[in-house]
Amino acid sequence: MKRHSSSSLSPRSIVFIGLVALAIAMGIGRFAFTPMMPLMVRDGSLDAVTGTEWATANYVGYLLGAISASWFARSPRLGLQVGLVGVAATTLAMAWGNAALPWVGMALRGSAGVFSAWVLVCASSWCLPELARRHATSLGGWIYTGVGLGIAATGVLTWLGGAQAASVLWVELGLLATVGAVQVMRRVRGQPAVAPVAGVAGAPRSAAPAVAGGNLGVVLCYSAFGFGYIIPATFLPTMARQLVSDPLVFGLTWPIFGMAAVLSVAFAAHRLHGWPRRKVWAIAQGVMAVGTLLPLLQPALWVLAASAVLVGGTFMVTTMAGLQLARERMPANPTPLLARMTTGFAAGQIAGPLLVRLVGDTRVAGLDALGVASASAGLLLAITSIWLWREGSGSASDARSS
């Protein structure tokens, strides 16, 4: 059988691979549990405490996946394929997860987190250099619309199918992930395991220490992003369900979140591809701060919908800008920096629910646990947004994407 050369894939095919991979990994592997949790609680197959533990297990798994993603530095294509198979398998198996055997669901959600992190890091590490080889770096942003599409697809499926048993929905989500994984694996078969970028293949190894030194601020800002977005990304549908019990109403918050992500990333990829990455990141992080603080105003559906638009509309722009900035700063091999940023992000998103649990039933300055977490997240996002903007103003190296 004839082996395909690396040039056999067009830039659009590479974008398709990355888009579908991230839709599966993030839309299903990472975030499907957000709209599924209130439905499982409704069915009696899960209680709120166990659900929180399962969500935390996914965050911990994501952290472990980010730490271990550097295993695939020489072969991101392999990590991409392993991760996609893992997401599909663990999603299908969730149909048998329930509160009677809480360790099963915890293990599955933790494993899904590991696989999701591998796909995010490896898809970025493989697709972006491949686009650079074809002088099509401006298309890189379109890859990240996959996350919003995955979230929107999951949200619509759980919204329209909310009358079904949660176990049936898990099977449907697992089958959707399987179909997507097969499509990606068919297209990457025969492609090179790692793609050196023209003009940087001989980059000196001395560039590596920048990951730990010059990029520390970038890693910390990305960690703050993980802490900042996780409260609305975890609890928006649950907060909406506390206001109205109809799944056709409270279930809308997640499709709104996903569609806002799709439209914002599409806009950024089309209109902002020549902007400095730090500036794009700073603006998105600042808007996210506003969206995170909105639920503090009053418990109303319109407030939650506005929060979903602002946070959903910026969290993937932030992801895109941050990961593309990493690619620009470490062009020879961005995987180690991508892994460190994703590790910090994962640690930040673990800290959010832990803060909620730590505050518990105590009120701080008149705020409950969720209010304290939202206020802390909004403040941290605002501070890092300002830092990114000021640093970007004097950084020539981050001026533009090529």
# chains A, B, ... in the order shown; residues from 1 in each chain; ligands from 1

$ closest_atom_pairs --of "stretch 39-145 of chain A" --to "stretch 332-353 of chain A" --cutoff "10 Å" --atoms "only C-alpha atoms" --output "Markdown table"
| residue | atom | partner | partner_atom | distance |
| --- | --- | --- | --- | --- |
| A:Thr52 | CA | A:Pro353 | CA | 8.2 |
| A:Glu53 | CA | A:Pro353 | CA | 9.7 |
| A:Ala55 | CA | A:Pro353 | CA | 9.0 |
| A:Thr56 | CA | A:Ile350 | CA | 6.6 |
| A:Ala57 | CA | A:Ile350 | CA | 9.1 |
| A:Asn58 | CA | A:Ile350 | CA | 9.2 |
| A:Tyr59 | CA | A:Ile350 | CA | 5.7 |
| A:Val60 | CA | A:Ile350 | CA | 6.8 |
| A:Gly61 | CA | A:Ala346 | CA | 8.7 |
| A:Tyr62 | CA | A:Ala346 | CA | 6.0 |
| A:Leu63 | CA | A:Ala346 | CA | 4.7 |
| A:Leu64 | CA | A:Thr343 | CA | 7.7 |
| A:Gly65 | CA | A:Thr343 | CA | 8.1 |
| A:Ala66 | CA | A:Thr343 | CA | 4.9 |
| A:Ile67 | CA | A:Thr343 | CA | 5.8 |
| A:Ser68 | CA | A:Ala339 | CA | 7.9 |
| A:Ala69 | CA | A:Ala339 | CA | 6.0 |
| A:Ser70 | CA | A:Pro336 | CA | 5.8 |
| A:Trp71 | CA | A:Pro336 | CA | 9.4 |
| A:Phe72 | CA | A:Thr335 | CA | 8.1 |
| A:Ala73 | CA | A:Thr335 | CA | 5.6 |
| A:Arg74 | CA | A:Thr335 | CA | 8.8 |
| A:Pro76 | CA | A:Thr335 | CA | 8.3 |
| A:Gly113 | CA | A:Ala346 | CA | 9.6 |
| A:Ala117 | CA | A:Thr342 | CA | 7.5 |
| A:Trp118 | CA | A:Ala339 | CA | 8.9 |
| A:Leu120 | CA | A:Thr342 | CA | 8.7 |
| A:Val121 | CA | A:Leu338 | CA | 6.2 |
| A:Cys122 | CA | A:Thr335 | CA | 7.5 |
| A:Ser124 | CA | A:Thr335 | CA | 8.3 |
| A:Ser125 | CA | A:Thr335 | CA | 5.7 |
| A:Trp126 | CA | A:Thr335 | CA | 9.1 |
| A:Leu128 | CA | A:Pro334 | CA | 9.6 |
| A:Pro129 | CA | A:Ala332 | CA | 8.9 |

$ residues_around --residues "A:Ala112" --least-positions-apart "6" --cutoff "12 Å" --atoms "only C-alpha atoms" --output "PyMOL selection string"
chain A and resi 24-33+54-65+82-94+105-106+118-119+174+177

$ closest_atom_pairs --of "stretch 342-376 of chain A" --to "stretch 235-241 of chain A" --cutoff "12 Å" --atoms "only C-alpha atoms" --output "Markdown table"
| residue | atom | partner | partner_atom | distance |
| --- | --- | --- | --- | --- |
| A:Gly352 | CA | A:Phe235 | CA | 11.2 |
| A:Pro353 | CA | A:Phe235 | CA | 9.8 |
| A:Val356 | CA | A:Phe235 | CA | 11.2 |
| A:Leu370 | CA | A:Phe235 | CA | 9.2 |
| A:Gly371 | CA | A:Phe235 | CA | 11.9 |
| A:Ala373 | CA | A:Phe235 | CA | 11.6 |
| A:Ser374 | CA | A:Phe235 | CA | 11.0 |

$ write_last_selection --atoms "C-alpha atoms" --output "tab-separated table (two decimals), in the first residue's frame"
chain	number	residue	atom	x	y	z
A	352	GLY	CA	-11.74	26.62	41.98
A	353	PRO	CA	-13.98	23.81	43.29
A	356	VAL	CA	-15.92	26.36	47.09
A	370	LEU	CA	-19.90	30.21	45.09
A	371	GLY	CA	-19.89	33.99	45.46
A	373	ALA	CA	-15.08	31.78	44.33
A	374	SER	CA	-16.62	33.96	41.60

$ residues_around --residues "A:Ala382" --least-positions-apart "6" --cutoff "12 Å" --atoms "only C-alpha atoms" --output "PDB file with N, CA and C atoms, in the first residue's frame"
ATOM      1  N   CYS A 221      -0.271  33.201  34.009  1.00  0.00           N
ATOM      2  CA  CYS A 221      -1.517  33.795  33.492  1.00  0.00           C
ATOM      3  C   CYS A 221      -2.460  32.722  32.976  1.00  0.00           C
ATOM      4  N   ALA A 224      -4.064  31.162  35.936  1.00  0.00           N
ATOM      5  CA  ALA A 224      -5.147  32.010  36.444  1.00  0.00           C
ATOM      6  C   ALA A 224      -6.396  31.870  35.596  1.00  0.00           C
ATOM      7  N   PHE A 225      -6.216  31.721  34.309  1.00  0.00           N
ATOM      8  CA  PHE A 225      -7.344  31.479  33.400  1.00  0.00           C
ATOM      9  C   PHE A 225      -8.071  30.198  33.789  1.00  0.00           C
ATOM     10  N   GLY A 228     -10.088  30.902  36.781  1.00  0.00           N
ATOM     11  CA  GLY A 228     -11.144  31.884  36.578  1.00  0.00           C
ATOM     12  C   GLY A 228     -12.380  31.358  35.882  1.00  0.00           C
ATOM     13  N   TRP A 281      -5.255  37.806  24.030  1.00  0.00           N
ATOM     14  CA  TRP A 281      -5.396  37.082  25.295  1.00  0.00           C
ATOM     15  C   TRP A 281      -5.831  38.033  26.400  1.00  0.00           C
ATOM     16  N   ALA A 282      -5.198  39.205  26.484  1.00  0.00           N
ATOM     17  CA  ALA A 282      -5.523  40.163  27.546  1.00  0.00           C
ATOM     18  C   ALA A 282      -6.974  40.620  27.469  1.00  0.00           C
ATOM     19  N   ILE A 283      -7.442  40.944  26.261  1.00  0.00           N
ATOM     20  CA  ILE A 283      -8.829  41.399  26.095  1.00  0.00           C
ATOM     21  C   ILE A 283      -9.800  40.295  26.481  1.00  0.00           C
ATOM     22  N   ALA A 284      -9.539  39.074  25.994  1.00  0.00           N
ATOM     23  CA  ALA A 284     -10.431  37.956  26.295  1.00  0.00           C
ATOM     24  C   ALA A 284     -10.473  37.681  27.791  1.00  0.00           C
ATOM     25  N   GLN A 285      -9.324  37.728  28.452  1.00  0.00           N
ATOM     26  CA  GLN A 285      -9.288  37.447  29.882  1.00  0.00           C
ATOM     27  C   GLN A 285     -10.023  38.531  30.672  1.00  0.00           C
ATOM     28  N   GLY A 286      -9.955  39.778  30.198  1.00  0.00           N
ATOM     29  CA  GLY A 286     -10.673  40.859  30.871  1.00  0.00           C
ATOM     30  C   GLY A 286     -12.184  40.716  30.738  1.00  0.00           C
ATOM     31  N   VAL A 287     -12.652  40.362  29.531  1.00  0.00           N
ATOM     32  CA  VAL A 287     -14.092  40.149  29.332  1.00  0.00           C
ATOM     33  C   VAL A 287     -14.568  38.960  30.160  1.00  0.00           C
ATOM     34  N   MET A 288     -13.747  37.928  30.238  1.00  0.00           N
ATOM     35  CA  MET A 288     -14.102  36.762  31.044  1.00  0.00           C
ATOM     36  C   MET A 288     -14.266  37.142  32.519  1.00  0.00           C
ATOM     37  N   ALA A 289     -13.453  38.074  32.985  1.00  0.00           N
ATOM     38  CA  ALA A 289     -13.573  38.530  34.367  1.00  0.00           C
ATOM     39  C   ALA A 289     -14.966  39.110  34.625  1.00  0.00           C
ATOM     40  N   VAL A 290     -15.462  39.894  33.669  1.00  0.00           N
ATOM     41  CA  VAL A 290     -16.808  40.466  33.804  1.00  0.00           C
ATOM     42  C   VAL A 290     -17.852  39.351  33.837  1.00  0.00           C
ATOM     43  N   GLY A 291     -17.735  38.383  32.926  1.00  0.00           N
ATOM     44  CA  GLY A 291     -18.697  37.287  32.880  1.00  0.00           C
ATOM     45  C   GLY A 291     -18.688  36.440  34.140  1.00  0.00           C
ATOM     46  N   THR A 292     -17.522  36.279  34.740  1.00  0.00           N
ATOM     47  CA  THR A 292     -17.424  35.494  35.968  1.00  0.00           C
ATOM     48  C   THR A 292     -18.076  36.213  37.141  1.00  0.00           C
ATOM     49  N   LEU A 293     -18.019  37.533  37.137  1.00  0.00           N
ATOM     50  CA  LEU A 293     -18.591  38.312  38.240  1.00  0.00           C
ATOM     51  C   LEU A 293     -20.096  38.526  38.110  1.00  0.00           C
ATOM     52  N   ALA A 375     -15.971  35.897  42.946  1.00  0.00           N
ATOM     53  CA  ALA A 375     -15.296  37.173  43.178  1.00  0.00           C
ATOM     54  C   ALA A 375     -13.774  37.005  43.076  1.00  0.00           C
ATOM     55  N   SER A 376     -13.248  35.938  43.658  1.00  0.00           N
ATOM     56  CA  SER A 376     -11.804  35.693  43.595  1.00  0.00           C
ATOM     57  C   SER A 376     -11.356  35.471  42.157  1.00  0.00           C
ATOM     58  N   LEU A 388      -0.953  41.074  31.126  1.00  0.00           N
ATOM     59  CA  LEU A 388      -0.737  40.646  29.750  1.00  0.00           C
ATOM     60  C   LEU A 388      -0.745  41.841  28.799  1.00  0.00           C
ATOM     61  N   TRP A 389      -1.646  42.782  29.014  1.00  0.00           N
ATOM     62  CA  TRP A 389      -1.729  43.939  28.137  1.00  0.00           C
ATOM     63  C   TRP A 389      -0.474  44.801  28.254  1.00  0.00           C
TER      64      TRP A 389
END

$ atom_distance --atom1 "atom CA of A:Arg42" --atom2 "atom CA of A:Ala107"
22.0 Å

$ atom_distance --atom1 "atom CA of A:Val179" --atom2 "atom CA of A:Ala21"
11.0 Å

$ residues_around --residues "A:Ser307" --least-positions-apart "4" --cutoff "8 Å" --atoms "only C-alpha atoms" --output "short mmCIF file (atom, residue, chain, number, x, y, z; two decimals) with N, CA and C atoms, in the first residue's frame"
data_model
loop_
_atom_site.label_atom_id
_atom_site.label_comp_id
_atom_site.auth_asym_id
_atom_site.auth_seq_id
_atom_site.Cartn_x
_atom_site.Cartn_y
_atom_site.Cartn_z
N PRO A 232 -18.11 29.14 36.42
CA PRO A 232 -19.25 29.12 35.49
C PRO A 232 -19.26 27.89 34.59
N GLY A 291 -17.74 38.38 32.93
CA GLY A 291 -18.70 37.29 32.88
C GLY A 291 -18.69 36.44 34.14
N THR A 292 -17.52 36.28 34.74
CA THR A 292 -17.42 35.49 35.97
C THR A 292 -18.08 36.21 37.14
N LEU A 294 -20.64 38.39 36.91
CA LEU A 294 -22.07 38.67 36.68
C LEU A 294 -23.02 37.91 37.60
N PRO A 295 -22.82 36.58 37.83
CA PRO A 295 -23.77 35.86 38.68
C PRO A 295 -23.86 36.41 40.11
N VAL A 303 -29.18 36.66 33.77
CA VAL A 303 -27.82 36.87 34.25
C VAL A 303 -26.94 35.66 33.92
N VAL A 311 -18.38 34.29 29.22
CA VAL A 311 -17.34 33.31 29.53
C VAL A 311 -17.15 32.34 28.37
N GLY A 312 -18.27 31.85 27.83
CA GLY A 312 -18.17 30.96 26.68
C GLY A 312 -17.55 31.64 25.48
#

$ closest_residue --among "A:Leu19, A:Val188, A:Leu220, A:Val156" --to "A:Thr253" --atoms "only C-alpha atoms"
A:Val156
